[in-house]
Each structure stands twice: as structure tokens, then as C-alpha cells.
Protein chains: 6
Amino acid sequence: MSGVVVQTIARAGSDVIARLGAAGVATVHEAQGRSGLMASRMRPIQQDTAIAGSAVTISAPPGDNWMIHVAIEHLQEGDILVLAPTSPCDMGYFGDLLATSAMARGCRALVIDAGVRDTRDLRAMGFAVWSTAVSAQGTVKETLGSVNVPIVCAGALVNPGDVIVADDDGVCVVPRADAEAVAAAAQTRLDAEEAKRLRLASGELGLDIYDMRPGLAAKGLKYV
Amino acid sequence: MSGVVVQTIARAGSDVIARLGAAGVATVHEAQGRSGLMASRMRPIQQDTAIAGSAVTISAPPGDNWMIHVAIEHLQEGDILVLAPTSPCDMGYFGDLLATSAMARGCRALVIDAGVRDTRDLRAMGFAVWSTAVSAQGTVKETLGSVNVPIVCAGALVNPGDVIVADDDGVCVVPRADAEAVAAAAQTRLDAEEAKRLRLASGELGLDIYDMRPGLAAKGLKYV
Amino acid sequence: MSGVVVQTIARAGSDVIARLGAAGVATVHEAQGRSGLMASRMRPIQQDTAIAGSAVTISAPPGDNWMIHVAIEHLQEGDILVLAPTSPCDMGYFGDLLATSAMARGCRALVIDAGVRDTRDLRAMGFAVWSTAVSAQGTVKETLGSVNVPIVCAGALVNPGDVIVADDDGVCVVPRADAEAVAAAAQTRLDAEEAKRLRLASGELGLDIYDMRPGLAAKGLKYV
Amino acid sequence: MSGVVVQTIARAGSDVIARLGAAGVATVHEAQGRSGLMASRMRPIQQDTAIAGSAVTISAPPGDNWMIHVAIEHLQEGDILVLAPTSPCDMGYFGDLLATSAMARGCRALVIDAGVRDTRDLRAMGFAVWSTAVSAQGTVKETLGSVNVPIVCAGALVNPGDVIVADDDGVCVVPRADAEAVAAAAQTRLDAEEAKRLRLASGELGLDIYDMRPGLAAKGLKYV
Amino acid sequence: MSGVVVQTIARAGSDVIARLGAAGVATVHEAQGRSGLMASRMRPIQQDTAIAGSAVTISAPPGDNWMIHVAIEHLQEGDILVLAPTSPCDMGYFGDLLATSAMARGCRALVIDAGVRDTRDLRAMGFAVWSTAVSAQGTVKETLGSVNVPIVCAGALVNPGDVIVADDDGVCVVPRADAEAVAAAAQTRLDAEEAKRLRLASGELGLDIYDMRPGLAAKGLKYV
Amino acid sequence: MSGVVVQTIARAGSDVIARLGAAGVATVHEAQGRSGLMASRMRPIQQDTAIAGSAVTISAPPGDNWMIHVAIEHLQEGDILVLAPTSPCDMGYFGDLLATSAMARGCRALVIDAGVRDTRDLRAMGFAVWSTAVSAQGTVKETLGSVNVPIVCAGALVNPGDVIVADDDGVCVVPRADAEAVAAAAQTRLDAEEAKRLRLASGELGLDIYDMRPGLAAKGLKYV
């Protein structure tokens with residue numbers, strides 16, 4: 001099943017991608033019914049960066065980054081590389097040279113269930129990374145993987161062309177076909193939250209805004 | 001045992017709380033005989049913030065944040081929310097809306113043996129958080145827990161009204177009844193450390209300042 | 001085997017140490033054949049600091065920092081303290097007072113397969129630390145360890161006087177005898193990378209620069 | 001997306017399932033191109049049990065086992081329950097009563113990326129379990145999940161009706177459509193292994209049987 | 001706070017302890033409202049052993065087993081040693097000699113949030129152990145801890161004299177004052193379970209026995 | 001540094017190896033001053049097996065078992081294969097075919113800081129294994145490592161020809177040159193333990209046998 005490069009993938013529109021990125025991971029995750037979130041071990045190497053883009057997926061053998069070079073040829077402006085090793089691995093698959101190459105092709109971020117290196121350079125270059133490790137340990141280029149096939153990355157299923165939303169809270173995957181509906185639902189949530197935020201900031205309680213007291217009483221909550 | 005909200009708790013005085021906060025976690029932990037420290041997996045989401053306050057405790061089911069809404073009603077100026085799930089959980093119990101509500105009631109920090117979300121917003125709002133995970137995964141509001149009961153949070157026993165001291169080194173719990181004595185002992189340590197710091201900075205050795213050479217020789221240390 | 005202090009160790013020259021530090025962990029690690037890297041759990045407490053120095057090694061019992069005081073007497077300008085406990089331990093062996101003492105002796109960094117405390121102070125003092133935990137938990141001074149003996153720290157063998165290279169990517173150990181050769185090899189890599197970086201930045205692909213297409217085809221890569 | 005029960009699923013034939021079970025996890029995993037293996041944290045609670053069956057999948061909220069009751073109604077002889085929580089959870093979702101009910105419906109095993117309890121009883125009943133934790137912590141029945149939808153369990157994608165192969169080495173998922181081809185490939189491997197085993201047992205080397213010496217020499221292996 | 005030995009503690013009656021042990025961890029944990037369970041990292045070194053006894057507690061420094069010798073003097077027939085280190089530690093605090101001594105005083109089990117050694121001998125001797133690690137690493141006898149003070153062991157609060165219930169599912173702590181009520185509640189559960197087990201074994205569904213269908217429908221469960 | 005096979009190594013005598021094996025890991029570890037113990041994540045796949053032998057070491061790339069084939073050619077009767085990957089890896093490097101080959105050359109055990117597979121077969125064959133994971137995930141044969149070079153395995157330095165002692169408590173490495181002295185010291189310990197065991201079994205306390213009461217009093221232990 002490995003050794004395949006899918007050259008043409010469908011992507012969501014840049015407008016809907018931008019709206020999903022602006023909504024952020026927590027809101028998008030809620031808006032699509034709490035699915036698609038990667039595990040919490042997936043962490044950013046930078047702070048206060050939020051991004052969204054189309055997934056170009058890589059299934060790679062542990063400790064082998066050959067397929068990243070293959071994938072870069074298929075990047076388009078606004079894409080995000082998403083790599084899952086076929087077995088757990090914390091090695092540094094990706095550093096400043098690969099980032100230079102990916103940026104030249106319009107890519108602005110990497111999501112990887114493994115390690116990266118040259119993290120200081122990557123931050124300086126403005127190339128955003130979410131990874132499960134930082135490690136200088138280099139990889140080999142000996143065994144084939146695949147590009148633009150479905151992968152499971154940090155516990156989430158990612159199909160090529162899915163929209164990746166990433167910020168300080170982690171990474172969420174929106175199926176391409178759902179992108180428009182999720183973006184709309186996210187906006188609805190944001191609008192509703194704004195009103196609630198004002199009421200909460202004024203000291204009104206969630207207990208009252210959401211009318212929780214009867215439910216709590218029904219479950220038997222006792223005040224002593 | 002769950003399903004209880006204790007509405008009135010005793011708190012330490014604001015002056016002693018402030019002194020404990022100024023002393024910091026490492027000094028306070030030493031000053032009370034090295035007890036009360038939470039496990040090192042409890043980490044801040046911000047850097048260079050030190051704080052102290054009175055614990056309003058929450059025992060919550062895994063993945064259920066209903067009790068946070070209940071607890072917020074019982075917050076006073078200077079309180080810190082301390083939440084322990086009844087089973088390990090890395091879900092995002094708390095985000096910017098709950099922080100808005102808690103801040104409106106005078107709360108300035110959360111200590112949680114679970115996940116939080118909206119971390120960028122929380123930092124921007126100046127709401128301090130120590131957590132064991134960051135995750136956008138939302139929680140439900142279905143099952144009762146308790147508020148202001150004794151909890152074990154990241155391995156440390158916390159009674160409501162205990163003083164929580166938190167900084168970049170982690171979180172330490174000071175029993176309310178001990179707060180005054182610990183604050184005094186902490187100040188004594190700080191005063192003593194200042195003198196030692198000057199001697200160490202001048203190049204004098206700890207071996208000599210603390211007169212360690214005889215003890216080392218007695219244990220058989222060999223210089224070769 | 002414990003209870004030994006080796007007072008005189010050989011060190012690499014300051015020039016070669018500086019060149020290794022400038023090359024950085026990822027490059028040095030590659031330049032010496034991908035050996036000597038500490039495990040990825042070894043992380044900096046500060047960001048964007050790169051350093052190199054000669055290892056003064058400490059083998060310490062778990063939860064006992066007595067030997068740090070002993071080691072400080074043997075520090076020279078430019079040394080780095082490297083501590084491995086004899087059993088896994090996350091306690092805070094080292095804080096601002098020990099850093100003050102070490103700095104007075106010319107030491108500028110600590111690498112420790114255990115915990116540190118006073119991390120805010122350490123950052124403010126400009127004392128760099130790579131550790132596997134942050135913890136305020138204090139240690140005792142009861143049991144002997146050794147100073148300047150070979151140790152295994154975070155999975156890497158460290159002999160006293162080896163060159164420690166540390167930055168945001170982690171920590172790498174260069175055997176003293178290899179320092180000059182590794183520094184030269186690192187420089188060769190840096191020079192070669194610069195040329196590649198320009199070509200990659202212009203949009204040329206690694207597939208072509210490194211002539212990977214025939215190898216990929218030979219392994220059976222299929223484009224679909 | 002949650003709150004759905006798919007009542008009718010296609011299953012592989014009992015003959016092919018039996019052949020996959022007889023081949024075992026390691027052989028099946030190789031035979032299908034090294035895909036479908038669950039993470040190594042998925043471990044059996046019993047020793048020396050090998051099994052195969054059709055997956056009835058459950059997507060469950062963390063700490064909520066309501067959907068197991070729903071799933072049991074849809075079990076057929078030879079099925080295996082496969083449960084993934086929507087967020088990491090080590091609670092005990094399943095014990096002897098649920099096993100009694102599942103066995104009454106023909107189910108003989110559970111694969112769960114969470115905890116189980118009553119493990120001694122389960123072993124005594126001959127109900128096989130692979131789990132990522134053992135825990136007596138009980139769950140609630142408050143929030144809907146789904147039955148017979150695609151899930152990601154311990155890093156592997158499982159569609160309802162896929163063939164689950166499990167033994168002491170872990171758990172492997174064979175897509176239903178591939179079952180026949182994988183079983184055939186597995187048998188081919190087993191036949192080939194038998195011949196190799198005899199040669200290896202006689203003292204012949206893998207280096208010679210697989211003709212590895214030229215390849216090693218070409219890569220530069222040096223004998224000293 | 002350390003350096004204290006409480007010589008006289010109250011214990012529950014042997015009859016109620018025996019009834020709790022017979023009920024087992026999962027049932028007892030449910031019967032007392034799902035509190036008191038130790039974390040799932042606490043695992044037995046033997047299989048198919050169930051036990052209950054009175055806790056003699058030990059708070060010990062990391063890597064220091066001096067206090068076990070002190071505690072043994074205060075053991076009575078049927079007691080269980082429960083040890084929590086004051087900082088995480090996987091060293092082997094306890095082996096066959098200490099087990100010999102403890103057994104001579106009537107103790108039959110150890111629960112320890114750290115490591116043990118001589119595990120083969122311990123199984124052969126019939127001394128039951130629940131631990132969070134197995135390690136041959138020896139400890140020192142240099143620093144005081146305390147005996148029969150409240151401790152937090154694997155996340156659960158244990159007071160001296162509390163009833164410890166342990167089996168293959170883990171370890172649960174029953175406060176001494178609650179022992180009788182919990183034992184009664186456990187028996188009630190066991191009786192009720194027996195009836196349910198028969199109905200489930202006959203193929204009746206939990207959905208019907210517990211009348212779950214209306215609740216599921218009310219939440220919106222959809223059958224497709 | 002990789003790509004080297006050292007063909008001739010010195011081994012300890014079979015008699016001293018047998019005596020070390022009979023003494024067991026805990027005793028040997030104590031007898032050599034508490035050094036050489038592998039981390040507690042190194043666990044046996046079988047129960048109640050104790051063994052000792054000479055280390056034939058393998059440094060292997062992550063996910064690549066080519067060097068095991070190379071190493072087998074250099075095995076002698078009584079050797080133990082010891083493998084450390086150059087980066088953390090849980091893949092299944094070793095199964096029943098390699099065990100068949102190794103056994104044909106006189107090898108009876110494997111110690112590996114990675115995964116193994118076919119564990120049921122390995123137990124049935126009587127081939128003992130200590131590993132840090134069990135996984136069916138197969139490896140490749142693409143990149144060179146080395147055989148019979150010094151390695152760090154699970155935190156312990158292993159030189160080829162060192163004596164490996166392994167049992168249910170873990171794995172300890174005895175430097176070849178120290179084997180005779182350690183075996184003698186181990187026997188001395190065993191003799192002394194036997195006498196102590198009898199006294200302890202009779203109910204005499206360690207506090208008295210080891211005369212600990214004055215030391216405890218001097219440290220300030222308080223009985224209340």
C-alpha cells in the first residue's frame with residue numbers, strides 16, 4: 001500500500017480556509033461536533049500563531065524522510081504538510097533546509113507526529129510547526145512511503161485536501177467536504193459567544209445564563 | 001460523596017497570601033518542610049508569572065466541567081480555582097468564556113490536573129493557568145461533582161481555603177492553618193539566602209560556607 | 001565506584017568549542033556520524049540560547065545534590081555542569097544559589113537528567129539550563145556520588161572534558177578527542193548547506209538537487 | 001456526528017476470518033503491507049490467546065459506556081467489540097456483567113483504547129480482552145456516542161465489519177474487502193517461513209539464505 | 001512534618017475487612033461512591049490474588065527505605081504496608097528480606113507507589129505486592145520519613161488504619177469509619193448483580209433490563 | 001562510527017557467568033556498587049526466568065534489524081544479544097525466525113531497548129527476552145549499524161563481552177573485567193543474607209539486627 005504518490009488532490013477554497021483559521025481550533029472543533037482533534041501531545045514550537053491550510057499528507061517509515069522531498073513537489077500556495085510515521089518515532093524529520101524548500105512552494109506550516117529540528121531557525125523563518133517532539137536526530141532516505149493518501153496523525157484521520165486548523169490549543173482536521181458548513185457553524189458560535197462574554201464579564205453567572213440550576217437540582221446537587 | 005457544594009469556607013488573610021506569593025514556590029515548599037508540592041507534570045501556560053490565592057476546589061468527573069460553573073458563584077476576590085478530575089483526563093475543561101466569568105468574580109488563576117483551551121486568549125487576558133495538558137477537546141455538563149471539598153490534585157491534597165502558591169517552578173499548597181508560620185519561615189529563608197548569595201557570588205564555595213568538607217571526608221569521598 | 005572526585009581533566013581548546021557551539025546541535029550531530037545526542041526529553045528552560053563548553057560530570061544519587069557543591073570547586077571558565085542521577089528522578093537539584101556559585105567560577109550552563117528550580121531566576125541571571133523536569137522539590141545532602149567520572153546522561157555517554165553543544169534542538173556530546181575533526185566536518189556541512197539553501201529558496205526541488213528520482217523509481221514509487 | 005447506530009454491517013466470511021486468526025498478528029500485518037497495526041500500548045489481559053472476528057465499533061465519550069449496551073444488541077456470533085473513546089481515558093468501561101451479555105450474543109473478545117475491570121473474572125470466563133489500561137473506575141451513562149461508524153482505535157482506522165486479528169503481539173485490523181487476499185498472502189508467508197525455519201534451525205545463516213552479504217558490502221560494512 | 005512515628009492506630013474489624021476483600025476492588029469502589037481508587041499505574045506483580053487489610057502507612061524520601069524498617073515494628077496480623085515516596089521514584093524499596101520480616105509480623109501485602117525487587121521470590125513466598133515499578137535499584141537509609149501519617153499514594157489519600165482492598169483491577173482505599181457501610185453496600189450490589197448476570201446470560205439486553213431505550217431516544221440516538 | 005563489525009571479543013568464563021546468573025539481578029547490582037542496572041522499562045516477556053551470558057552488542061538504526069543477521073554469525077554458546085536503537089523505537093525487531101537462528105548458534109536470550117514480536121512462540125521455544133515493548137511492526141534492512149561496539153541500552157553502558165544478568169527484576173550489566181570480583185562479592189552477600197533471613201523470619205526486627213535505633217534517634221525520629 002505504500003510507495004504511492006497521488007499527484008492531484010481537491011482542496012477547499014481559500015476563503016473558507018481563512019475563515020476556519022480565524023475561528024481557531026477550539027471553536028472549529030466544537031462547530032463540527034467535536035471530531036477531528038489531534039491528541040494533546042501535538043504541540044506548537046512557537047507561541048501565538050494560528051493558521052489554516054490544505055493538507056498534503058505524508059505516510060513515512062519511522063526515521064525516513066525521503067517522502068517529504070517527494071511531497072514538496074506537489075505543494076501549492078497555502079498548503080500544510082501533515083506527516084505520520086507508520087510507527088512511533090521522535091526523530092527530527094524536518095529542519096531549515098526542508099522548510100526553505102517548502103516555503104518556496106508556498107507552504108507555511110508542518111504538522112508532524114514525530115520530531116523536528118532547527119527549531120530556532122524555523123521560528124525565525126516564520127515557518128510554523130506543530131510536532132510531538134523536538135530532536136536533532138537525523139533520518140535516512142531508504143524506504144518508500146506515500147504522499148496524499150489517508151493517514152492517521154496523532155489519532156486523527158487526515159485525508160489529503162482536508163483543512164488543517166492549528167493554533168496554541170493544538171490541531172484540528174476538517175474534512176474538505178464539510179469545510180463550508182463547519183465555517184458557518186463556527187461563525188454562529190463566535191457570534192453567540194460574544195454576547196455571552198459580555199454578560200459573563202459583567203458578573204452574570206453561567207448558572208443563570210445557561211439556566212443550569214434546575215438541571216443541577218434535578219441531579220441532586222446539595223448546597224451545604 | 002459527590003454532588004456537594006460547600007458554600008462557606010475560611011480563607012487566609014490577604015497579607016499572608018501576598019507574602020507567600022512573593023516568596024515563591026521553591027522557598028515556600030522548603031519553608032513548610034517540603035510538603036504540598038504538586039507533581040512536576042503541572043506546568044504553567046505562561047512564563048514569568050507568580051501568584052498566590054485561596055483555593056476554591058472542584059472535584060469533577062472526567063470530561064465534565066459543569067461544576068466549574070457552580071464553583072464560580074462561590075469565588076471571592078483573590079481566589080484560585082483548583083480542579084481535580086476523578087480519573088485522569090486531558091480534555092479542555094476551561095477556556096476564555098469561563099475565564100471571563102471567573103475574572104468578573106475576582107479570580108485570577110486556575111490550577112487544573114487536566115486540560116485547558118483558548119490558551120492564547122487566556123494569556124492575553126492575564127488569567128494565569130497551571131495545567132497538565134492543553135487541549136481543545138470540549139467537555140459535557142451531565143454529571144455532578146463537588147465544590148469546596150478536599151481533593152487530591154496532581155498528587156497533592158488540597159483543602160478549600162488552603163493557600164495556593166504558583167510560579168514557573170510549579171504549584172505548592174499551604175494548609176490555611178499553617179499559612180502565617182510558613183510565611184514567616186519563608187521570610188527567614190529568604191533573608192538567609194541573601195547573605196549566602198553574596199558570598200557565593202564572590203566565589204566562596206558552598207563546601208566552605210556550609211562546612212561540608214568534614215562530612216564528605218567522613219563518608220569516604222576520595223579526591224584523585 | 002561512587003565517592004570519587006577526579007580533580008584534573010583535559011579540556012578541548014576554547015576555539016574549537018566556540019566553533020562547535022556556532023555550528024549548533026543538529027549540524028554537529030550530523031558531522032560526527034549521528035552519535036552523542038541526548039534523548040529528546042532533555043529540553044531547555046529558555047528559548048533561543050545556543051552554547052558549548054567542556055563537561056564537568058556529576059553522578060549523583062536520586063534526590064541528593066551534595067556532589068554539585070563538590071563539582072563547583074573544580075569548574076573552570078567555560079565549563080558546563082552535566083549531571084545524571086543513578087536512578088530516574090525529577091527533583092529540583094539546582095536553583096539560583098547554586099547557579100550564583102557556578103557562575104562565580106565561570107560556568108554558564110547546566111545539563112541535567114532530572115529537575116531544576118528557580119527557573120525564572122535562572123533565566124534572569126543568564127544561566128542556561130537543559131533539564132528533563134522543572135520541580136521545586138528539594139534534595140538532600142546525605143550520600144556520596146562522583147565528580148568527573150564517565151556518566152550516561154539522557155541516554156548519551158559523557159566523559160569529563162567532552163564538549164557539550166546545546167541549543168533549542170537539545171544537547172549533543174562530542175568526545176574531546178574528536179572535537180577538532182567534528183568542528184571541521186561541521187563547517188564543511190554548513191558551507192554545503194548554504195549553497196543548497198539558495199537553490200531550494202529559488203524553488204528548485206531536493207528531488208533534483210540530490211538526484212533522488214532514479215532511486216525512488218528503482219524502489220518502485222508510483223505516481224498516480 | 002455522534003448519536004448514530006448503524007444496524008446492518010457487512011462481515012467477512014467465517015472461513016477467511018479463521019484463517020487470519022490462525023496466521024496471527026505479525027504474519028497478517030506483514031501480509032497486508034505493514035498497515036493496520038494498533039499502537040503497542042494495546043495489550044492483552046490474558047496470555048497465549050489468539051483470536052479473530054468482525055469488528056462492531058463503538059465511538060464513546062470519555063468515561064461513558066452507554067453505547068456498549070447499544071452495541072451489544074447488534075452483535076452476531078464471532079464479532080469483536082472495538083471501542084475508542086473520543087478523548088484519552090483509562091477508566092474501566094467494561095467488566096464481567098457486560099462480558100456476560102456480550103457472550104450471550106456470541107461475542108468472544110473486546111479491543112478497547114481505554115480501561116477494563118473485573119479482569120480476573122474475564123479471564124475465568126474465557127472472554128478475551130486487549131486494552132490500554134486496567135482500572136476499576138466506573139463510567140457513567142449520560143452522553144451519546146455512535147455504533148458501527150469508522151473509528152480510530154490506538155492509532156489504527158477501524159471500519160465496522162473489518163476483521164480484527166489479536167494475539168500476544170497486539171491487534172491488527174484487516175479491511176473487510178482485503179480479507180481474502182490478505183489471508184492468502186499470509187498463508188504464502190507461513191509456507192515460506194517454514195522452509196526458512198528449518199534452514200535457520202540447522203545453523204545456516206540469514207546472511208546466506210537471504211543473500212545479504214553483497215548488499216552489506218555495498219553499503220560499506222567493515223569487519224575488523 | 002516528617003520524622004514522626006504514630007505508634008497506635010485504630011483498625012477496622014477483621015470481619016468487615018474480610019467482607020470487603022471478598023467483594024473486590026471494582027465492587028467496593030462503586031459501593032463507596034467511586035472514591036478512593038488508586039491510579040491505574042498501580043499494578044500487581046502476581047495474578048489472581050485478592051486481599052484486604054489495614055493500612056500501615058509510610059511516607060518515605062525518594063530512594064530511601066529506612067522507614068520500612070521502622071514501620072515493620074508496628075505491624076499487626078492482617079496489616080498491609082502502604083508506601084508513598086515524597087517525590088516520584090521507581091527504585092526497588094522492598095525485597096525478599098523485608099518481606100520475610102513483614103510476614104513474621106503478620107503482614108501479607110505491600111502497596112507502593114515506587115519499585116520493588118526480588119519479585120520472583122515474593123511470589124514464591126506468597127507475599128502480595130502492588131507497585132508502580134519493578135526495579136533492582138537499591139535504596140539508602142539516610143533520611144527520615146514518617147510512619148502512620150496521612151499519605152497520598154498513587155493519587156489516593158490513605159489514612160493509617162484505612163482498609164486497603166486490592167486485586168487484579170488495582171487498589172481501593174476505604175476510610176476506616178466507612179468500612180461497615182461500604183461492606184454492606186457492596187454486598188447489596190453483589191446480590192443485585194447476581195440476578196442481572198442470570199438475565200444477561202440468557203440473552204436479555206441491558207438496554208431492556210435497565211430500561212435505557214427511552215433515555216437514549218430522548219438524547220436523540222438515531223438508528224440507521 | 002556505524003558500519004563496523006568487531007569479530008573477536010573477549011568473554012568471561014562460563015563458571016563466573018553461571019555464578020552471576022545464580023545470584024540474580026538484585027544481588028549482583030548491589031555487589032558491584034549499584035551500577036550497571038538498565039532502566040525499569042526493560043521488562044521480561046516471560047515469568048520466572050533467570051539467565052546470564054556474554055553480551056554480543058548491536059547498535060541498530062530505528063526500525064532496521066539488518067544488523068541482527070550480521071550479529072548472529074558472531075554468536076557463541078551462551079551469548080546474549082543486546083540491541084540498542086540509535087533513537088527511541090518500539091518496533092518489533094525480532095521474532096521466531098531470528099530466535100531460531102540465534103538458538104542454532106547457542107544464544108538463549110535477547111535484551112532489546114525496542115520491541116519484539118511472536119512472543120508466544122518465543123516463550124514456547126524457551127528463548128528468553130527482555131524488551132521495552134511488544135509490537136508486531138516489522139523492520140527494514142536498509143541501513144548499517146554496528147556489531148560488538150559499546151552501546152547505551154536502556155540507560156546502561158554495555159561493552160561487548162560484558163556479562164548480562166537478567167531475571168524478573170530486570171537486567172544488570174557486569175563489566176567483563178569485574179566479573180570474578182562481583183561474583184565473589186555477590187556470594188558474600190548471599191551468605192550474609194541467609195543468616196539475616198533466619199533472624200527476620202523468627203520475628204527479630206531489622207531495627208535491631210542492623211542497630212538502626214541510635215541513628216534514627218540521632219536524626220530526630222519522634223515516636224508519638
# chains A, B, ... in the order shown; residues from 1 in each chain; ligands from 1
$ interface_residues --of "chain C" --to "chain A" --cutoff "7 Å" --atoms "only C-alpha atoms" --output "JSON, numbers by chain"
{"C": [25, 26, 34, 40, 48, 168, 169, 170, 197, 200, 201, 202, 203, 205, 206, 207, 220, 221, 222, 223, 224]}
$ select_by_dssp --residues "segment 17-150 of chain C" --states "strand (DSSP E or B)" --output "PyMOL selection string"
chain C and resi 37+43-44+51-60+64+79-85+92+109-116+128-134+140+146-147
$ write_last_selection --atoms "N, CA and C atoms" --output "tab-separated table (two decimals), in the first residue's frame"
chain	number	residue	atom	x	y	z
C	37	LEU	N	23.83	12.19	20.73
C	37	LEU	CA	22.68	13.04	21.02
C	37	LEU	C	21.95	12.54	22.27
C	43	ARG	N	15.23	19.11	27.56
C	43	ARG	CA	14.71	20.34	26.96
C	43	ARG	C	15.25	21.59	27.65
C	44	PRO	N	15.40	22.67	26.91
C	44	PRO	CA	15.87	23.92	27.52
C	44	PRO	C	14.77	24.60	28.34
C	51	ILE	N	24.88	27.22	23.05
C	51	ILE	CA	26.06	27.29	23.89
C	51	ILE	C	26.91	26.05	23.67
C	52	ALA	N	28.20	26.15	23.99
C	52	ALA	CA	29.06	24.97	24.03
C	52	ALA	C	30.07	25.15	25.15
C	53	GLY	N	30.54	24.04	25.70
C	53	GLY	CA	31.51	24.11	26.79
C	53	GLY	C	32.02	22.73	27.12
C	54	SER	N	32.95	22.69	28.08
C	54	SER	CA	33.55	21.42	28.49
C	54	SER	C	32.75	20.81	29.64
C	55	ALA	N	32.51	19.51	29.55
C	55	ALA	CA	31.69	18.84	30.55
C	55	ALA	C	32.46	18.59	31.85
C	56	VAL	N	31.92	19.08	32.95
C	56	VAL	CA	32.31	18.63	34.28
C	56	VAL	C	31.16	17.73	34.73
C	57	THR	N	31.42	16.45	34.85
C	57	THR	CA	30.33	15.49	35.05
C	57	THR	C	30.09	15.19	36.52
C	58	ILE	N	28.83	14.90	36.81
C	58	ILE	CA	28.40	14.55	38.17
C	58	ILE	C	27.50	13.32	38.10
C	59	SER	N	27.87	12.28	38.82
C	59	SER	CA	26.99	11.13	39.03
C	59	SER	C	26.41	11.27	40.43
C	60	ALA	N	25.12	11.46	40.53
C	60	ALA	CA	24.51	11.78	41.82
C	60	ALA	C	23.44	10.77	42.18
C	64	ASP	N	19.67	13.77	45.68
C	64	ASP	CA	20.79	14.19	46.51
C	64	ASP	C	21.74	15.06	45.68
C	79	ASP	N	33.12	26.03	31.46
C	79	ASP	CA	32.64	24.66	31.70
C	79	ASP	C	31.12	24.58	31.75
C	80	ILE	N	30.61	23.39	31.52
C	80	ILE	CA	29.18	23.11	31.66
C	80	ILE	C	29.03	21.93	32.61
C	81	LEU	N	28.20	22.11	33.63
C	81	LEU	CA	27.91	21.01	34.55
C	81	LEU	C	26.96	20.03	33.88
C	82	VAL	N	27.26	18.74	33.97
C	82	VAL	CA	26.39	17.71	33.39
C	82	VAL	C	26.11	16.68	34.47
C	83	LEU	N	24.85	16.57	34.86
C	83	LEU	CA	24.51	15.68	35.97
C	83	LEU	C	23.55	14.58	35.54
C	84	ALA	N	23.88	13.34	35.92
C	84	ALA	CA	22.97	12.21	35.73
C	84	ALA	C	22.73	11.55	37.07
C	85	PRO	N	21.45	11.40	37.45
C	85	PRO	CA	21.17	10.65	38.68
C	85	PRO	C	21.35	9.16	38.41
C	92	GLY	N	14.20	18.83	42.07
C	92	GLY	CA	14.92	20.06	41.73
C	92	GLY	C	16.29	20.13	42.39
C	109	ALA	N	26.31	27.10	32.18
C	109	ALA	CA	25.18	26.24	31.82
C	109	ALA	C	25.18	24.94	32.61
C	110	LEU	N	24.00	24.34	32.68
C	110	LEU	CA	23.80	23.06	33.33
C	110	LEU	C	23.00	22.16	32.39
C	111	VAL	N	23.40	20.90	32.31
C	111	VAL	CA	22.63	19.87	31.59
C	111	VAL	C	22.34	18.79	32.61
C	112	ILE	N	21.06	18.50	32.85
C	112	ILE	CA	20.71	17.61	33.97
C	112	ILE	C	19.55	16.69	33.60
C	113	ASP	N	19.75	15.40	33.80
C	113	ASP	CA	18.70	14.42	33.52
C	113	ASP	C	17.83	14.27	34.78
C	114	ALA	N	17.31	15.40	35.22
C	114	ALA	CA	16.50	15.49	36.44
C	114	ALA	C	15.87	16.88	36.44
C	115	GLY	N	15.44	17.36	37.61
C	115	GLY	CA	14.75	18.64	37.67
C	115	GLY	C	15.62	19.80	38.15
C	116	VAL	N	15.16	21.01	37.82
C	116	VAL	CA	15.75	22.24	38.35
C	116	VAL	C	14.64	23.12	38.91
C	128	ALA	N	22.12	29.24	31.53
C	128	ALA	CA	21.33	28.37	30.64
C	128	ALA	C	21.19	26.97	31.23
C	129	VAL	N	20.00	26.39	31.07
C	129	VAL	CA	19.74	25.07	31.60
C	129	VAL	C	18.99	24.21	30.59
C	130	TRP	N	19.45	22.97	30.46
C	130	TRP	CA	18.70	21.93	29.76
C	130	TRP	C	18.40	20.87	30.81
C	131	SER	N	17.13	20.51	30.97
C	131	SER	CA	16.76	19.56	32.02
C	131	SER	C	15.64	18.66	31.51
C	132	THR	N	15.34	17.63	32.28
C	132	THR	CA	14.22	16.76	31.90
C	132	THR	C	13.00	17.02	32.78
C	133	ALA	N	13.11	17.98	33.70
C	133	ALA	CA	11.95	18.36	34.51
C	133	ALA	C	12.21	19.71	35.14
C	134	VAL	N	11.13	20.35	35.54
C	134	VAL	CA	11.19	21.53	36.40
C	134	VAL	C	10.44	21.17	37.65
C	140	VAL	N	18.43	16.25	49.24
C	140	VAL	CA	19.21	16.15	50.48
C	140	VAL	C	20.70	16.13	50.16
C	146	SER	N	29.86	10.88	42.49
C	146	SER	CA	31.20	11.11	41.98
C	146	SER	C	31.22	12.32	41.06
C	147	VAL	N	32.41	12.88	40.90
C	147	VAL	CA	32.60	14.03	40.02
C	147	VAL	C	33.68	13.70	39.00
$ atom_distance --atom1 "atom CA of Gln46 of chain D" --atom2 "atom CA of Ala166 of chain D"
11.5 Å
$ closest_residue --among "E:Gln47, E:Gln76, E:Asn65, E:Ser87" --to "Gly126 of chain E" --atoms "only C-alpha atoms"
E:Gln47
$ atom_distance --atom1 "atom CA of Ala50 of chain C" --atom2 "atom CA of Pro160 of chain C"
20.4 Å
